[in-house]
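Chemist: Below is entry_29.txt; it holds compact mmCIF, C-alpha atoms.
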# COMPACT_ATOMS: atom_id res chain seq x y z
CA MET A 29 85.72 171.04 153.65
CA LYS A 30 87.76 172.94 156.23
CA THR A 31 90.31 173.97 153.56
CA ALA A 32 87.55 175.22 151.25
CA VAL A 33 86.05 177.30 154.06
CA ASP A 34 89.48 178.70 154.95
CA LEU A 35 90.13 179.58 151.31
CA LEU A 36 86.76 181.33 151.10
CA VAL A 37 87.61 183.24 154.28
CA LEU A 38 90.90 184.32 152.62
CA PHE A 39 89.02 185.58 149.53
CA VAL A 40 86.66 187.63 151.69
CA GLY A 41 89.54 188.66 153.98
CA VAL A 42 91.52 190.14 151.07
CA PHE A 43 88.62 192.42 150.18
CA LEU A 44 87.99 193.31 153.81
CA ALA A 45 91.68 194.14 154.26
CA TYR A 46 91.50 196.40 151.19
CA ILE A 47 88.41 198.20 152.53
CA VAL A 48 90.03 198.70 155.95
CA GLN A 49 93.36 199.95 154.54
CA GLU A 50 91.50 202.36 152.26
CA ALA A 51 89.58 203.74 155.25
CA LEU A 52 92.75 204.31 157.28
CA PRO A 53 94.46 207.65 156.63
CA PRO A 54 98.17 207.72 155.72
CA MET A 55 100.64 208.26 158.55
CA HIS A 56 101.72 211.84 157.82
CA ASP A 57 104.40 211.75 160.53
CA ILE A 58 106.08 208.83 158.74
CA TYR A 59 106.37 210.46 155.30
CA GLY A 60 102.79 209.58 154.32
CA ALA A 61 103.32 205.81 154.70
CA HIS A 62 100.15 203.73 154.42
CA ILE A 63 98.97 200.78 156.43
CA VAL A 64 98.91 197.80 154.06
CA LEU A 65 97.06 194.72 155.30
CA ILE A 66 96.56 192.43 152.30
CA PRO A 67 100.01 190.70 152.49
CA MET A 68 99.46 189.99 156.20
CA VAL A 69 96.06 188.40 155.51
CA PHE A 70 97.61 186.28 152.77
CA CYS A 71 100.57 185.38 155.00
CA TYR A 72 98.17 183.99 157.61
CA ALA A 73 96.55 181.83 154.94
CA ALA A 74 99.99 180.72 153.73
CA VAL A 75 101.06 179.48 157.17
CA VAL A 76 97.84 177.59 157.90
CA LEU A 77 96.63 176.28 154.52
CA PRO A 78 97.97 173.22 152.68
CA PHE A 79 100.29 173.96 149.74
CA PRO A 80 97.76 173.64 146.84
CA ALA A 81 95.19 175.83 148.60
CA MET A 82 97.91 178.35 149.44
CA LEU A 83 98.82 178.57 145.73
CA ALA A 84 95.17 179.17 144.79
CA GLY A 85 95.12 181.91 147.41
CA ALA A 86 98.36 183.40 146.05
CA VAL A 87 96.97 183.58 142.50
CA PHE A 88 93.74 185.16 143.75
CA THR A 89 95.45 187.67 146.07
CA GLY A 90 98.04 188.60 143.44
CA PHE A 91 95.36 189.10 140.81
CA VAL A 92 93.28 191.34 143.10
CA VAL A 93 96.36 193.39 144.06
CA ASP A 94 97.31 193.74 140.37
CA VAL A 95 93.83 194.91 139.42
CA LEU A 96 93.49 197.30 142.36
CA ASN A 97 96.93 198.80 141.62
CA ALA A 98 96.39 199.13 137.87
CA HIS A 99 97.57 202.72 137.36
CA VAL A 100 97.07 203.48 133.69
CA VAL A 101 98.10 206.88 132.38
CA GLY A 102 98.19 207.63 128.67
CA GLY A 103 97.50 203.98 127.80
CA ARG A 104 100.54 202.72 129.75
CA ILE A 105 100.40 200.59 132.86
CA GLU A 106 103.00 201.20 135.57
CA ILE A 107 102.95 197.84 137.36
CA PRO A 108 102.53 195.05 134.80
CA GLY A 109 99.69 192.59 135.41
CA GLY A 110 100.87 189.29 136.85
CA ALA A 111 103.78 190.80 138.83
CA SER A 112 101.91 190.53 142.13
CA ILE A 113 100.84 186.94 141.35
CA VAL A 114 104.49 185.92 140.94
CA TYR A 115 105.37 187.82 144.13
CA PHE A 116 102.62 186.16 146.20
CA VAL A 117 103.49 182.70 144.83
CA ILE A 118 107.15 183.11 145.89
CA PHE A 119 106.19 184.70 149.21
CA GLY A 120 103.56 182.00 149.83
CA CYS A 121 106.08 179.20 149.16
CA LEU A 122 108.44 180.73 151.76
CA ALA A 123 105.70 181.38 154.33
CA ASN A 124 104.25 177.89 153.87
CA GLY A 125 107.54 176.48 155.13
CA PHE A 126 106.78 177.97 158.57
CA GLN A 127 103.61 175.88 158.94
CA PRO A 128 105.15 173.51 161.53
CA ALA A 129 106.08 176.50 163.74
CA MET A 130 102.54 177.85 163.47
CA LYS A 131 101.07 174.45 164.34
CA GLY A 132 103.33 174.40 167.38
CA GLY A 133 101.79 177.69 168.54
CA ASN A 134 104.77 179.89 167.65
CA ILE A 135 103.42 182.99 165.90
CA LEU A 136 106.76 184.83 165.69
CA PRO A 137 107.54 183.56 162.15
CA PHE A 138 104.05 184.66 161.02
CA ALA A 139 104.55 188.17 162.44
CA LEU A 140 108.02 188.48 160.89
CA MET A 141 106.91 187.10 157.52
CA SER A 142 103.93 189.51 157.50
CA GLY A 143 106.30 192.43 157.95
CA LEU A 144 108.76 191.17 155.35
CA GLY A 145 105.96 190.32 152.89
CA THR A 146 104.38 193.76 153.19
CA SER A 147 107.65 195.65 152.77
CA GLY A 148 108.69 193.26 149.98
CA LEU A 149 105.52 193.96 148.01
CA LEU A 150 106.00 197.73 148.32
CA LEU A 151 109.68 197.41 147.36
CA MET A 152 108.72 195.40 144.27
CA GLN A 153 106.14 198.06 143.29
CA PHE A 154 108.73 200.83 143.81
CA LEU A 155 111.30 199.03 141.66
CA LEU A 156 108.80 198.33 138.88
CA ILE A 157 107.69 201.97 138.82
CA THR A 158 111.34 203.05 138.76
CA TRP A 159 112.01 200.62 135.89
CA ASN A 160 109.02 201.96 133.94
CA ARG A 161 109.72 205.66 134.46
CA GLY A 162 113.49 205.38 134.26
CA GLY A 163 116.08 207.10 136.43
CA PHE A 164 116.56 205.78 139.96
CA VAL A 165 115.28 208.31 142.50
CA TRP A 166 115.77 207.43 146.16
CA GLU A 167 114.39 209.64 148.94
CA THR A 168 114.11 209.05 152.67
CA ALA A 169 110.33 209.14 152.16
CA ALA A 170 110.50 206.14 149.81
CA GLY A 171 112.44 204.12 152.41
CA TRP A 172 109.93 204.88 155.13
CA ARG A 173 106.99 204.16 152.86
CA ILE A 174 108.44 200.71 152.29
CA LEU A 175 109.60 199.97 155.85
CA ALA A 176 106.83 201.51 157.99
CA PRO A 177 103.93 199.44 156.54
CA GLY A 178 106.02 196.29 157.13
CA CYS A 179 106.64 197.23 160.78
CA MET A 180 102.93 198.01 161.23
CA ALA A 181 101.95 194.67 159.67
CA ALA A 182 104.36 192.80 161.98
CA LEU A 183 102.81 194.57 164.99
CA VAL A 184 99.22 193.95 163.89
CA ALA A 185 99.85 190.28 162.96
CA PRO A 186 99.64 188.81 166.53
CA LEU A 187 96.35 190.65 167.14
CA PHE A 188 95.05 189.38 163.82
CA HIS A 189 96.03 185.82 164.79
CA LEU A 190 94.32 186.18 168.17
CA THR A 191 91.11 187.47 166.58
CA LEU A 192 91.04 184.77 163.91
CA SER A 193 91.77 181.93 166.33
CA HIS A 194 88.80 183.07 168.42
CA LEU A 195 86.59 183.40 165.35
CA ASP A 196 87.70 179.91 164.29
CA ARG A 197 85.59 178.47 167.10
CA LEU A 198 82.48 179.71 165.26
CA ILE A 199 83.22 177.52 162.21
CA PRO A 200 81.48 174.10 162.56
CA ASP A 201 84.69 172.06 162.13
CA GLY A 202 87.04 174.71 163.53
CA SER A 203 90.45 173.35 164.45
CA ARG A 204 90.46 175.00 167.89
CA LYS A 205 87.11 173.43 168.74
CA LYS A 206 88.49 170.03 167.75
CA LYS A 207 91.48 170.57 169.99
CA ALA A 208 89.23 171.58 172.88
CA VAL A 209 87.13 168.42 172.42
CA ALA A 210 90.24 166.23 172.23
CA ARG A 211 91.54 167.78 175.43
CA MET P 18 108.31 169.83 147.32
CA ASN P 19 107.02 166.92 145.28
CA LYS P 20 106.31 166.84 141.54
CA PHE P 21 102.65 167.69 142.04
CA HIS P 22 103.57 170.84 143.95
CA ILE P 23 106.05 171.86 141.27
CA ALA P 24 103.36 171.38 138.61
CA LEU P 25 101.03 173.60 140.65
CA VAL P 26 103.68 176.34 140.94
CA VAL P 27 104.20 176.19 137.15
CA ALA P 28 100.42 176.52 136.66
CA ALA P 29 100.37 179.56 138.98
CA ILE P 30 103.23 181.19 137.04
CA ALA P 31 101.36 180.43 133.80
CA ALA P 32 98.34 182.28 135.25
CA ALA P 33 100.63 185.25 136.00
CA VAL P 34 101.96 185.18 132.42
CA TYR P 35 98.37 185.12 131.10
CA VAL P 36 97.45 188.16 133.26
CA SER P 37 100.56 189.97 131.99
CA THR P 38 99.23 189.65 128.44
CA LEU P 39 96.02 191.49 129.30
CA SER P 40 95.85 194.99 127.85
CA PRO P 41 95.94 198.02 130.19
CA ALA P 42 92.38 198.79 129.07
CA ALA P 43 91.20 195.32 130.12
CA LEU P 44 92.83 195.69 133.54
CA GLN P 45 91.27 199.13 133.88
CA THR P 46 87.83 197.70 133.06
CA MET P 47 88.31 195.03 135.73
CA GLN P 48 89.48 197.68 138.20
CA ALA P 49 86.38 199.77 137.44
CA GLY P 50 84.16 196.71 137.99
CA LEU P 51 85.86 195.86 141.27
CA LEU P 52 85.64 199.46 142.49
CA SER P 53 81.93 199.56 141.57
CA ALA P 54 81.33 196.40 143.59
CA LEU P 55 83.32 197.64 146.60
CA SER P 56 82.10 201.25 146.33
CA PRO P 57 79.39 201.10 149.06
CA PHE P 58 81.89 199.67 151.57
CA LEU P 59 84.66 202.09 150.56
CA LYS P 60 82.26 205.04 150.94
CA THR P 61 81.37 203.91 154.46
CA GLY P 62 85.04 203.68 155.40
CA THR P 63 85.75 207.14 153.97
CA ALA P 64 82.74 208.60 155.78
CA VAL P 65 84.04 207.23 159.09
CA GLN P 66 87.49 208.72 158.36
CA GLU P 67 85.93 212.10 157.45
CA ASN P 68 83.74 212.16 160.55
CA ILE P 69 86.71 211.52 162.81
CA GLY P 70 88.69 214.29 161.11
CA ALA P 71 85.78 216.75 161.13
CA VAL P 72 85.06 216.63 164.88
CA GLY P 73 87.03 219.83 165.51
CA LYS P 74 85.64 221.60 162.45
CA ARG P 75 82.05 221.16 163.59
CA LEU P 76 82.62 223.14 166.73
CA GLN P 77 82.02 226.47 164.95
CA THR P 78 79.80 228.96 166.72
CA LEU P 79 76.50 230.17 165.28
CA ASP P 80 77.96 233.67 164.92
CA GLU P 81 80.83 232.37 162.78
CA LEU P 82 78.42 230.42 160.60
CA GLU P 83 76.18 233.49 160.18
CA VAL P 84 79.13 235.63 159.06
CA GLU P 85 80.27 232.90 156.66
CA ASN P 86 76.74 232.55 155.28
CA ARG P 87 76.44 236.32 154.70
CA GLU P 88 79.79 236.36 152.87
CA LEU P 89 78.84 233.40 150.70
CA GLN P 90 75.50 235.02 149.76
CA ARG P 91 77.31 238.24 148.77
CA GLU P 92 79.83 236.25 146.71
CA ASN P 93 76.99 234.31 145.09
CA ARG P 94 75.26 237.57 144.00
CA GLU P 95 78.53 238.90 142.56
CA LEU P 96 79.17 235.67 140.64
CA ARG P 97 75.63 235.63 139.23
CA ALA P 98 76.01 239.17 137.95
CA GLU P 99 79.40 238.30 136.43
CA ASN P 100 77.95 235.14 134.90
CA ASN P 101 75.14 237.10 133.19
CA LEU P 102 77.65 239.51 131.76
CA LEU P 103 79.85 236.67 130.49
CA ARG P 104 76.83 234.92 128.92
CA ASP P 105 76.10 238.07 126.88
CA LEU P 106 79.73 238.29 125.84
CA LYS P 107 79.74 234.59 124.86
CA GLN P 108 76.70 235.09 122.61
CA GLU P 109 78.26 238.18 121.07
CA ASN P 110 81.52 236.29 120.54
CA GLY P 111 79.62 233.43 118.86
CA ARG P 112 77.84 235.84 116.50
CA LEU P 113 81.10 237.56 115.56
CA ARG P 114 82.84 234.23 114.96
CA MET P 115 80.00 233.16 112.65
CA MET P 116 80.27 236.46 110.74
CA LEU P 117 83.98 235.85 110.28
CA ASP P 118 83.22 232.24 109.26
CA PHE P 119 85.46 230.81 111.98
CA ARG P 120 85.23 227.15 112.89
CA GLU P 121 83.11 226.83 116.04
CA ARG P 122 85.15 226.05 119.14
CA SER P 123 84.39 222.84 120.99
CA GLU P 124 82.20 223.56 123.98
CA PHE P 125 82.83 222.24 127.44
CA GLN P 126 80.55 221.35 130.28
CA LEU P 127 81.54 221.33 133.95
CA VAL P 128 80.34 218.37 135.98
CA PRO P 129 80.58 219.09 139.72
CA ALA P 130 82.10 216.26 141.78
CA ARG P 131 83.12 215.64 145.36
CA ILE P 132 86.35 214.00 146.48
CA VAL P 133 85.32 210.88 148.39
CA ALA P 134 88.76 209.44 149.12
CA ARG P 135 92.31 210.74 148.99
CA ASP P 136 95.84 209.46 149.59
CA SER P 137 94.69 205.88 149.07
CA SER P 138 97.85 204.76 147.32
CA THR P 139 101.47 204.58 148.45
CA TRP P 140 103.12 205.42 145.14
CA TRP P 141 100.61 207.56 143.24
CA ASN P 142 98.97 210.86 144.12
CA THR P 143 95.38 210.06 143.37
CA VAL P 144 91.91 210.87 144.68
CA ARG P 145 88.53 209.26 144.04
CA ILE P 146 85.55 211.40 143.01
CA ASP P 147 81.85 210.56 143.19
CA ARG P 148 81.16 210.81 139.44
CA GLY P 149 81.45 207.98 136.94
CA PHE P 150 80.50 207.06 133.40
CA GLU P 151 76.80 207.37 134.32
CA ASP P 152 77.45 211.11 134.69
CA GLY P 153 79.27 211.33 131.37
CA VAL P 154 82.79 211.14 132.83
CA GLU P 155 85.41 209.34 130.72
CA ALA P 156 89.11 208.55 131.12
CA ASP P 157 91.67 211.33 130.51
CA GLN P 158 89.32 214.24 131.20
CA PRO P 159 90.63 217.32 133.05
CA VAL P 160 89.60 217.88 136.65
CA LEU P 161 89.79 221.43 138.02
CA THR P 162 88.54 223.93 140.56
CA ASP P 163 87.93 227.66 140.27
CA SER P 164 91.62 228.14 141.24
CA GLY P 165 93.12 225.89 138.59
CA LEU P 166 94.05 222.41 137.48
CA VAL P 167 93.68 219.42 139.83
CA GLY P 168 94.53 216.50 137.53
CA LYS P 169 92.86 214.13 135.11
CA THR P 170 90.62 211.09 135.32
CA THR P 171 92.11 207.62 134.82
CA THR P 172 89.88 204.68 135.74
CA VAL P 173 86.17 205.46 135.52
CA SER P 174 83.58 203.15 137.07
CA LYS P 175 79.78 203.49 137.13
CA ASN P 176 79.57 206.12 139.89
CA GLU P 177 83.20 206.84 140.74
CA ALA P 178 86.40 207.83 139.02
CA ILE P 179 90.06 207.85 139.99
CA VAL P 180 91.80 211.18 139.40
CA VAL P 181 95.58 211.33 139.08
CA LEU P 182 96.72 214.65 140.56
CA VAL P 183 99.07 217.11 138.85
CA THR P 184 101.55 216.43 141.67
CA ASP P 185 102.02 212.86 140.41
CA GLU P 186 105.00 212.19 138.19
CA SER P 187 102.87 210.20 135.74
CA CYS P 188 100.52 213.15 135.08
CA ARG P 189 102.21 215.20 132.35
CA VAL P 190 100.76 218.56 131.40
CA GLY P 191 101.85 220.61 128.41
CA ALA P 192 102.06 224.14 129.79
CA ARG P 193 103.32 227.63 129.00
CA ILE P 194 104.50 230.50 131.14
CA GLU P 195 102.29 233.54 130.78
CA GLY P 196 104.00 236.61 129.47
CA THR P 197 106.66 234.56 127.66
CA ARG P 198 106.76 232.18 124.68
CA GLU P 199 108.17 229.43 126.89
CA GLN P 200 106.46 226.03 126.81
CA GLY P 201 107.35 222.91 128.77
CA ILE P 202 106.05 219.79 130.45
CA VAL P 203 104.78 220.05 134.02
CA THR P 204 104.96 216.92 136.22
CA GLY P 205 105.12 216.12 139.91
CA PHE P 206 108.15 214.70 141.70
CA ARG P 207 108.46 210.91 142.05
CA VAL P 208 108.53 210.78 145.83
CA GLN P 209 107.56 213.88 147.75
CA GLU P 210 108.80 214.40 151.27
CA ASN P 211 105.65 216.32 152.18
CA GLU P 212 102.68 215.57 149.96
CA ALA P 213 100.56 218.36 151.43
CA GLU P 214 102.93 220.97 150.07
CA GLY P 215 103.88 219.08 146.92
CA LEU P 216 105.59 221.14 144.27
CA LEU P 217 105.70 220.62 140.51
CA GLN P 218 108.58 220.71 138.06
CA MET P 219 108.39 222.28 134.60
CA ASN P 220 111.05 220.86 132.30
CA PHE P 221 112.31 221.47 128.76
CA LEU P 222 112.38 225.28 129.04
CA SER P 223 115.08 227.35 127.32
CA LYS P 224 117.93 227.79 129.76
CA ASN P 225 118.20 231.48 128.92
CA ALA P 226 114.48 232.13 129.25
CA PRO P 227 113.58 235.29 131.19
CA ILE P 228 111.56 233.48 133.84
CA GLU P 229 110.98 235.11 137.21
CA PRO P 230 109.38 233.74 140.38
CA GLY P 231 105.68 234.61 140.57
CA GLN P 232 104.93 234.14 136.87
CA LEU P 233 101.75 232.19 136.12
CA VAL P 234 101.90 228.75 134.46
CA VAL P 235 98.85 227.78 132.40
CA THR P 236 97.99 224.76 130.25
CA ALA P 237 99.20 225.12 126.67
CA GLY P 238 96.40 223.11 125.06
CA VAL P 239 98.46 220.63 123.08
CA VAL P 240 96.78 219.03 120.02
CA HIS P 241 95.22 215.65 121.00
CA GLY P 242 96.10 216.42 124.65
CA SER P 243 93.75 216.09 127.59
CA PHE P 244 93.82 219.71 128.72
CA PRO P 245 92.34 222.75 126.95
CA PRO P 246 94.47 225.91 126.94
CA GLY P 247 94.47 228.56 129.64
CA ILE P 248 93.80 226.55 132.82
CA PRO P 249 96.05 227.87 135.63
CA VAL P 250 98.50 225.18 136.79
CA GLY P 251 100.50 227.19 139.33
CA LYS P 252 103.09 229.89 139.92
CA VAL P 253 106.84 229.73 139.36
CA THR P 254 108.74 229.75 142.65
CA GLU P 255 112.24 229.10 141.32
CA PHE P 256 114.03 228.84 137.96
CA LYS P 257 117.08 226.62 137.57
CA ARG P 258 119.46 226.80 134.61
CA ARG P 259 120.76 223.30 133.77
CA ALA P 260 123.33 222.12 131.24
CA LEU P 261 120.88 221.65 128.37
CA ASP P 262 117.62 223.24 129.46
CA GLY P 263 115.90 225.22 132.18
CA GLN P 264 113.68 223.88 134.93
CA ALA P 265 111.04 225.86 136.78
CA ILE P 266 109.75 224.78 140.16
CA VAL P 267 106.04 225.50 140.28
CA GLU P 268 103.71 225.82 143.23
CA PRO P 269 100.30 224.33 142.31
CA ALA P 270 97.43 226.78 141.89
CA VAL P 271 95.14 224.48 143.84
CA HIS P 272 95.78 223.51 147.47
CA LEU P 273 95.24 219.83 146.75
CA ALA P 274 95.25 218.61 150.36
CA ALA P 275 92.33 220.85 151.31
CA THR P 276 90.24 220.60 148.14
CA GLU P 277 86.89 218.83 148.51
CA ASP P 278 84.82 219.96 145.54
CA VAL P 279 86.06 219.79 141.96
CA PHE P 280 84.72 219.93 138.40
CA VAL P 281 85.27 217.46 135.58
CA LEU P 282 85.59 219.18 132.22
CA ILE P 283 83.53 217.25 129.70
CA GLU P 284 83.54 218.10 126.04
CA LYS P 285 80.01 218.51 124.66
CA LYS P 286 79.41 216.14 121.77
Just dump the structure as structure tokens.

Modeler:
Amino acid sequence: MKTAVDLLVLFVGVFLAYIVQEALPPMHDIYGAHIVLIPMVFCYAAVVLPFPAMLAGAVFTGFVVDVLNAHVVGGRIEIPGGASIVYFVIFGCLANGFQPAMKGGNILPFALMSGLGTSGLLLMQFLLITWNRGGFVWETAAGWRILAPGCMAALVAPLFHLTLSHLDRLIPDGSRKKKAVAR
Amino acid sequence: MNKFHIALVVAAIAAAVYVSTLSPAALQTMQAGLLSALSPFLKTGTAVQENIGAVGKRLQTLDELEVENRELQRENRELRAENNLLRDLKQENGRLRMMLDFRERSEFQLVPARIVARDSSTWWNTVRIDRGFEDGVEADQPVLTDSGLVGKTTTVSKNEAIVVLVTDESCRVGARIEGTREQGIVTGFRVQENEAEGLLQMNFLSKNAPIEPGQLVVTAGVVHGSFPPGIPVGKVTEFKRRALDGQAIVEPAVHLAATEDVFVLIEKK
């Protein structure tokens, strides 16, 4: 039951993250880099959910990211459908390995993985666009647009964890509540 | 990882392969559906962003507003008079064309739209407008202002549409340089250091073409293309002679970062 609720929270969280990141303006001082929150939300799910539920979350998150980033011009799609699913499956498998650290109360791996996951997703998108359009073009702006969202995600991740662990008490069988009772 | 987990990973990869077989049109339809569903929430977020940004703008004095209002009323009267004159000329032109037995030109209708979100993507220069297929908007229709070309529609949902701007590399516009016979393809640069002042590149020009800075670039109106002829795209700022062709750097006619109201050009059926 708890896993199903957590998975549902992830599904809603992905959409909420999209709405929030759309509402936030780009950081013009950092070459127009955007704040990207979806990989961080998924990363949290990956470090707390059991492996099968994490995979379901990866497929869902990847699919939503693929659909939301479907940029079709002249009948051609720039980022092929399914690419984000593969990315989130691989990223989820790596992040899931840090579950023991998370259970032990160490949120550093979660923060670092959030940053890496966000920058990794943007790097994958950049490479796929480059592959599609041909000719490798590298500008400082591209580097910052890949790195800055990752740094922002790593900084926001502890706050996100703090908020969620407090909200967790509201869920009937919340893990924190159980711990408090056991104590 | 046990066998069950490996089987699950294979199933997830199979799902990815299935999604990769979906046509771009199918993905676009899903995107339109998702945007329609999220639209009320996205509009709220954009409104919050706009309100924060507009705090300074609202501090205009009554005197300033009165002057602005007077100027706008004068401009409105001038435009009405000009419009009446043009309507007469259009009718006269239609009559003359019929006399000469010319094929009637396709007529266009301008649908006014407002930009509700901008800069929402890391890799593409796009904006979202508040008009969708309910208003007659379809994919690949030109979007412009009174100054010139803005871009073209891509994904169209019920009440919103995504517009890819001319400054994006994936938006290709067949254009010509006024006063010459030179035609080329105008696109944006892949990654722009400063999006607000994004320039365009016009490629495939003759390297010995007599192109000077300041010359106007307008759409060429390619057969089966999205853009009708004669829409201003921008002005040439620089002309580079390369080994095989010439490249003009073009400053867009429309200040895209400050534009709020646009028109979608819809062909009357």

Chemist: Go through P:Val190, P:Val180, P:Val36, P:Val27 and flag the residue nearest chain A, using all atoms listed in the file for the distances.

Modeler: P:Val36

Chemist: Given only C-alpha atoms, how would the per-residue table for chain P near chain A read, listing every residue at most 8 Å away with its closest atom pair and distance in Å to one decimal, sorted by chain and number, as JSON lines?

Modeler:
{"residue": "P:His22", "atom": "CA", "partner": "A:Pro80", "partner_atom": "CA", "distance": 7.1}
{"residue": "P:Leu25", "atom": "CA", "partner": "A:Pro80", "partner_atom": "CA", "distance": 7.0}
{"residue": "P:Val26", "atom": "CA", "partner": "A:Leu83", "partner_atom": "CA", "distance": 7.2}
{"residue": "P:Ala29", "atom": "CA", "partner": "A:Val87", "partner_atom": "CA", "distance": 6.3}
{"residue": "P:Ile30", "atom": "CA", "partner": "A:Val114", "partner_atom": "CA", "distance": 6.3}
{"residue": "P:Ala32", "atom": "CA", "partner": "A:Val87", "partner_atom": "CA", "distance": 7.5}
{"residue": "P:Ala33", "atom": "CA", "partner": "A:Gly110", "partner_atom": "CA", "distance": 4.1}
{"residue": "P:Val34", "atom": "CA", "partner": "A:Gly110", "partner_atom": "CA", "distance": 6.1}
{"residue": "P:Tyr35", "atom": "CA", "partner": "A:Gly110", "partner_atom": "CA", "distance": 7.5}
{"residue": "P:Val36", "atom": "CA", "partner": "A:Gly110", "partner_atom": "CA", "distance": 5.1}
{"residue": "P:Ser37", "atom": "CA", "partner": "A:Gly109", "partner_atom": "CA", "distance": 4.4}
{"residue": "P:Thr38", "atom": "CA", "partner": "A:Gly109", "partner_atom": "CA", "distance": 7.6}
{"residue": "P:Leu39", "atom": "CA", "partner": "A:Gly109", "partner_atom": "CA", "distance": 7.2}
{"residue": "P:Pro41", "atom": "CA", "partner": "A:Ile105", "partner_atom": "CA", "distance": 5.8}
{"residue": "P:Ala42", "atom": "CA", "partner": "A:Gly103", "partner_atom": "CA", "distance": 7.4}
{"residue": "P:Leu44", "atom": "CA", "partner": "A:Val95", "partner_atom": "CA", "distance": 6.0}
{"residue": "P:Gln45", "atom": "CA", "partner": "A:Ala98", "partner_atom": "CA", "distance": 6.5}
{"residue": "P:Met47", "atom": "CA", "partner": "A:Val95", "partner_atom": "CA", "distance": 6.6}
{"residue": "P:Gln48", "atom": "CA", "partner": "A:Val95", "partner_atom": "CA", "distance": 5.3}
{"residue": "P:Leu51", "atom": "CA", "partner": "A:Leu96", "partner_atom": "CA", "distance": 7.8}
{"residue": "P:Leu55", "atom": "CA", "partner": "A:Ile47", "partner_atom": "CA", "distance": 7.8}
{"residue": "P:Phe58", "atom": "CA", "partner": "A:Ile47", "partner_atom": "CA", "distance": 6.8}
{"residue": "P:Leu59", "atom": "CA", "partner": "A:Ile47", "partner_atom": "CA", "distance": 5.8}
{"residue": "P:Gly62", "atom": "CA", "partner": "A:Ala51", "partner_atom": "CA", "distance": 4.5}
{"residue": "P:Thr63", "atom": "CA", "partner": "A:Ala51", "partner_atom": "CA", "distance": 5.3}
{"residue": "P:Val65", "atom": "CA", "partner": "A:Ala51", "partner_atom": "CA", "distance": 7.6}
{"residue": "P:Gln66", "atom": "CA", "partner": "A:Ala51", "partner_atom": "CA", "distance": 6.2}
{"residue": "P:Asp136", "atom": "CA", "partner": "A:Pro54", "partner_atom": "CA", "distance": 6.8}
{"residue": "P:Ser137", "atom": "CA", "partner": "A:Glu50", "partner_atom": "CA", "distance": 5.7}
{"residue": "P:Ser138", "atom": "CA", "partner": "A:His62", "partner_atom": "CA", "distance": 7.5}
{"residue": "P:Thr139", "atom": "CA", "partner": "A:His62", "partner_atom": "CA", "distance": 6.2}
{"residue": "P:Trp140", "atom": "CA", "partner": "A:Phe154", "partner_atom": "CA", "distance": 7.4}
{"residue": "P:Asp157", "atom": "CA", "partner": "A:Gly102", "partner_atom": "CA", "distance": 7.7}
{"residue": "P:Thr171", "atom": "CA", "partner": "A:Val101", "partner_atom": "CA", "distance": 6.5}
{"residue": "P:Thr172", "atom": "CA", "partner": "A:Val100", "partner_atom": "CA", "distance": 7.6}
{"residue": "P:Ser187", "atom": "CA", "partner": "A:Val101", "partner_atom": "CA", "distance": 6.7}
{"residue": "P:Cys188", "atom": "CA", "partner": "A:Val101", "partner_atom": "CA", "distance": 7.2}
{"residue": "P:Arg207", "atom": "CA", "partner": "A:Val165", "partner_atom": "CA", "distance": 7.3}
{"residue": "P:Val208", "atom": "CA", "partner": "A:Ala170", "partner_atom": "CA", "distance": 6.4}
{"residue": "P:Gln209", "atom": "CA", "partner": "A:Ala169", "partner_atom": "CA", "distance": 7.0}
{"residue": "P:Glu210", "atom": "CA", "partner": "A:Ala169", "partner_atom": "CA", "distance": 5.5}
{"residue": "P:Asn211", "atom": "CA", "partner": "A:Tyr59", "partner_atom": "CA", "distance": 6.7}
{"residue": "P:Glu212", "atom": "CA", "partner": "A:Gly60", "partner_atom": "CA", "distance": 7.4}

Chemist: Name the closest residue to A:Gly178 among the candidates A:Ala45, A:Leu144, A:Val37, A:Leu195; distances are taken between atoms, counting all atoms listed in the file.

Modeler: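 Among the listed residues, the smallest separation from A:Gly178 belongs to A:Leu144.
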
Chemist: Give the answer as one residue: which of P:Leu102, P:Ile179, P:Met115, P:Ala192 has the shortest atom-to-atom distance to P:Ala237, using only C-alpha atoms?

Modeler: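 The closest residue to P:Ala237 is P:Ala192.
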
Chemist: Go ahead and compute the interatomic distance for atom CA of P:Glu186 and atom CA of P:Thr61, in Å to one decimal.

Modeler: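 Spanning atom CA of P:Glu186 to atom CA of P:Thr61 is a straight-line distance of 29.9 Å.
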
Chemist: To one decimal in Å, tell me the separation between atom CA of P:Pro129 and atom CA of P:Met219.

Modeler: 28.5 Å

Chemist: Quick one: distance from atom CA of P:Gln158 to atom CA of P:Thr170 in Å, one decimal?

Modeler: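 We find that atom CA of P:Gln158 and atom CA of P:Thr170 lie 5.3 Å from each other.
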
Chemist: Residues at most 6 Å from stretch 270-275 of chain P, counting all atoms listed in the file, excluding those fewer than 6 positions away in the same chain, as a PyMOL selection string?

Modeler: chain P and resi 164-165+213+250-251

Chemist: Padding 4 Å on each side, edges along x, y and z: where is the centre of the box around the listed atoms of stretch 49-62 of chain A, and how long are its edges in Å to one decimal? Output it as AutoDock Vina command-line options.

Modeler:
--center_x 98.0 --center_y 205.9 --center_z 156.4 --size_x 24.8 --size_y 19.9 --size_z 16.3

Chemist: Out of P:Glu88, P:Glu83, P:Glu277, P:Glu95, which residue has the shortest atom-to-atom distance to P:Val144 when counting all atoms listed in the file?

Modeler: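 The shortest atom-to-atom distance to P:Val144 comes from P:Glu277.
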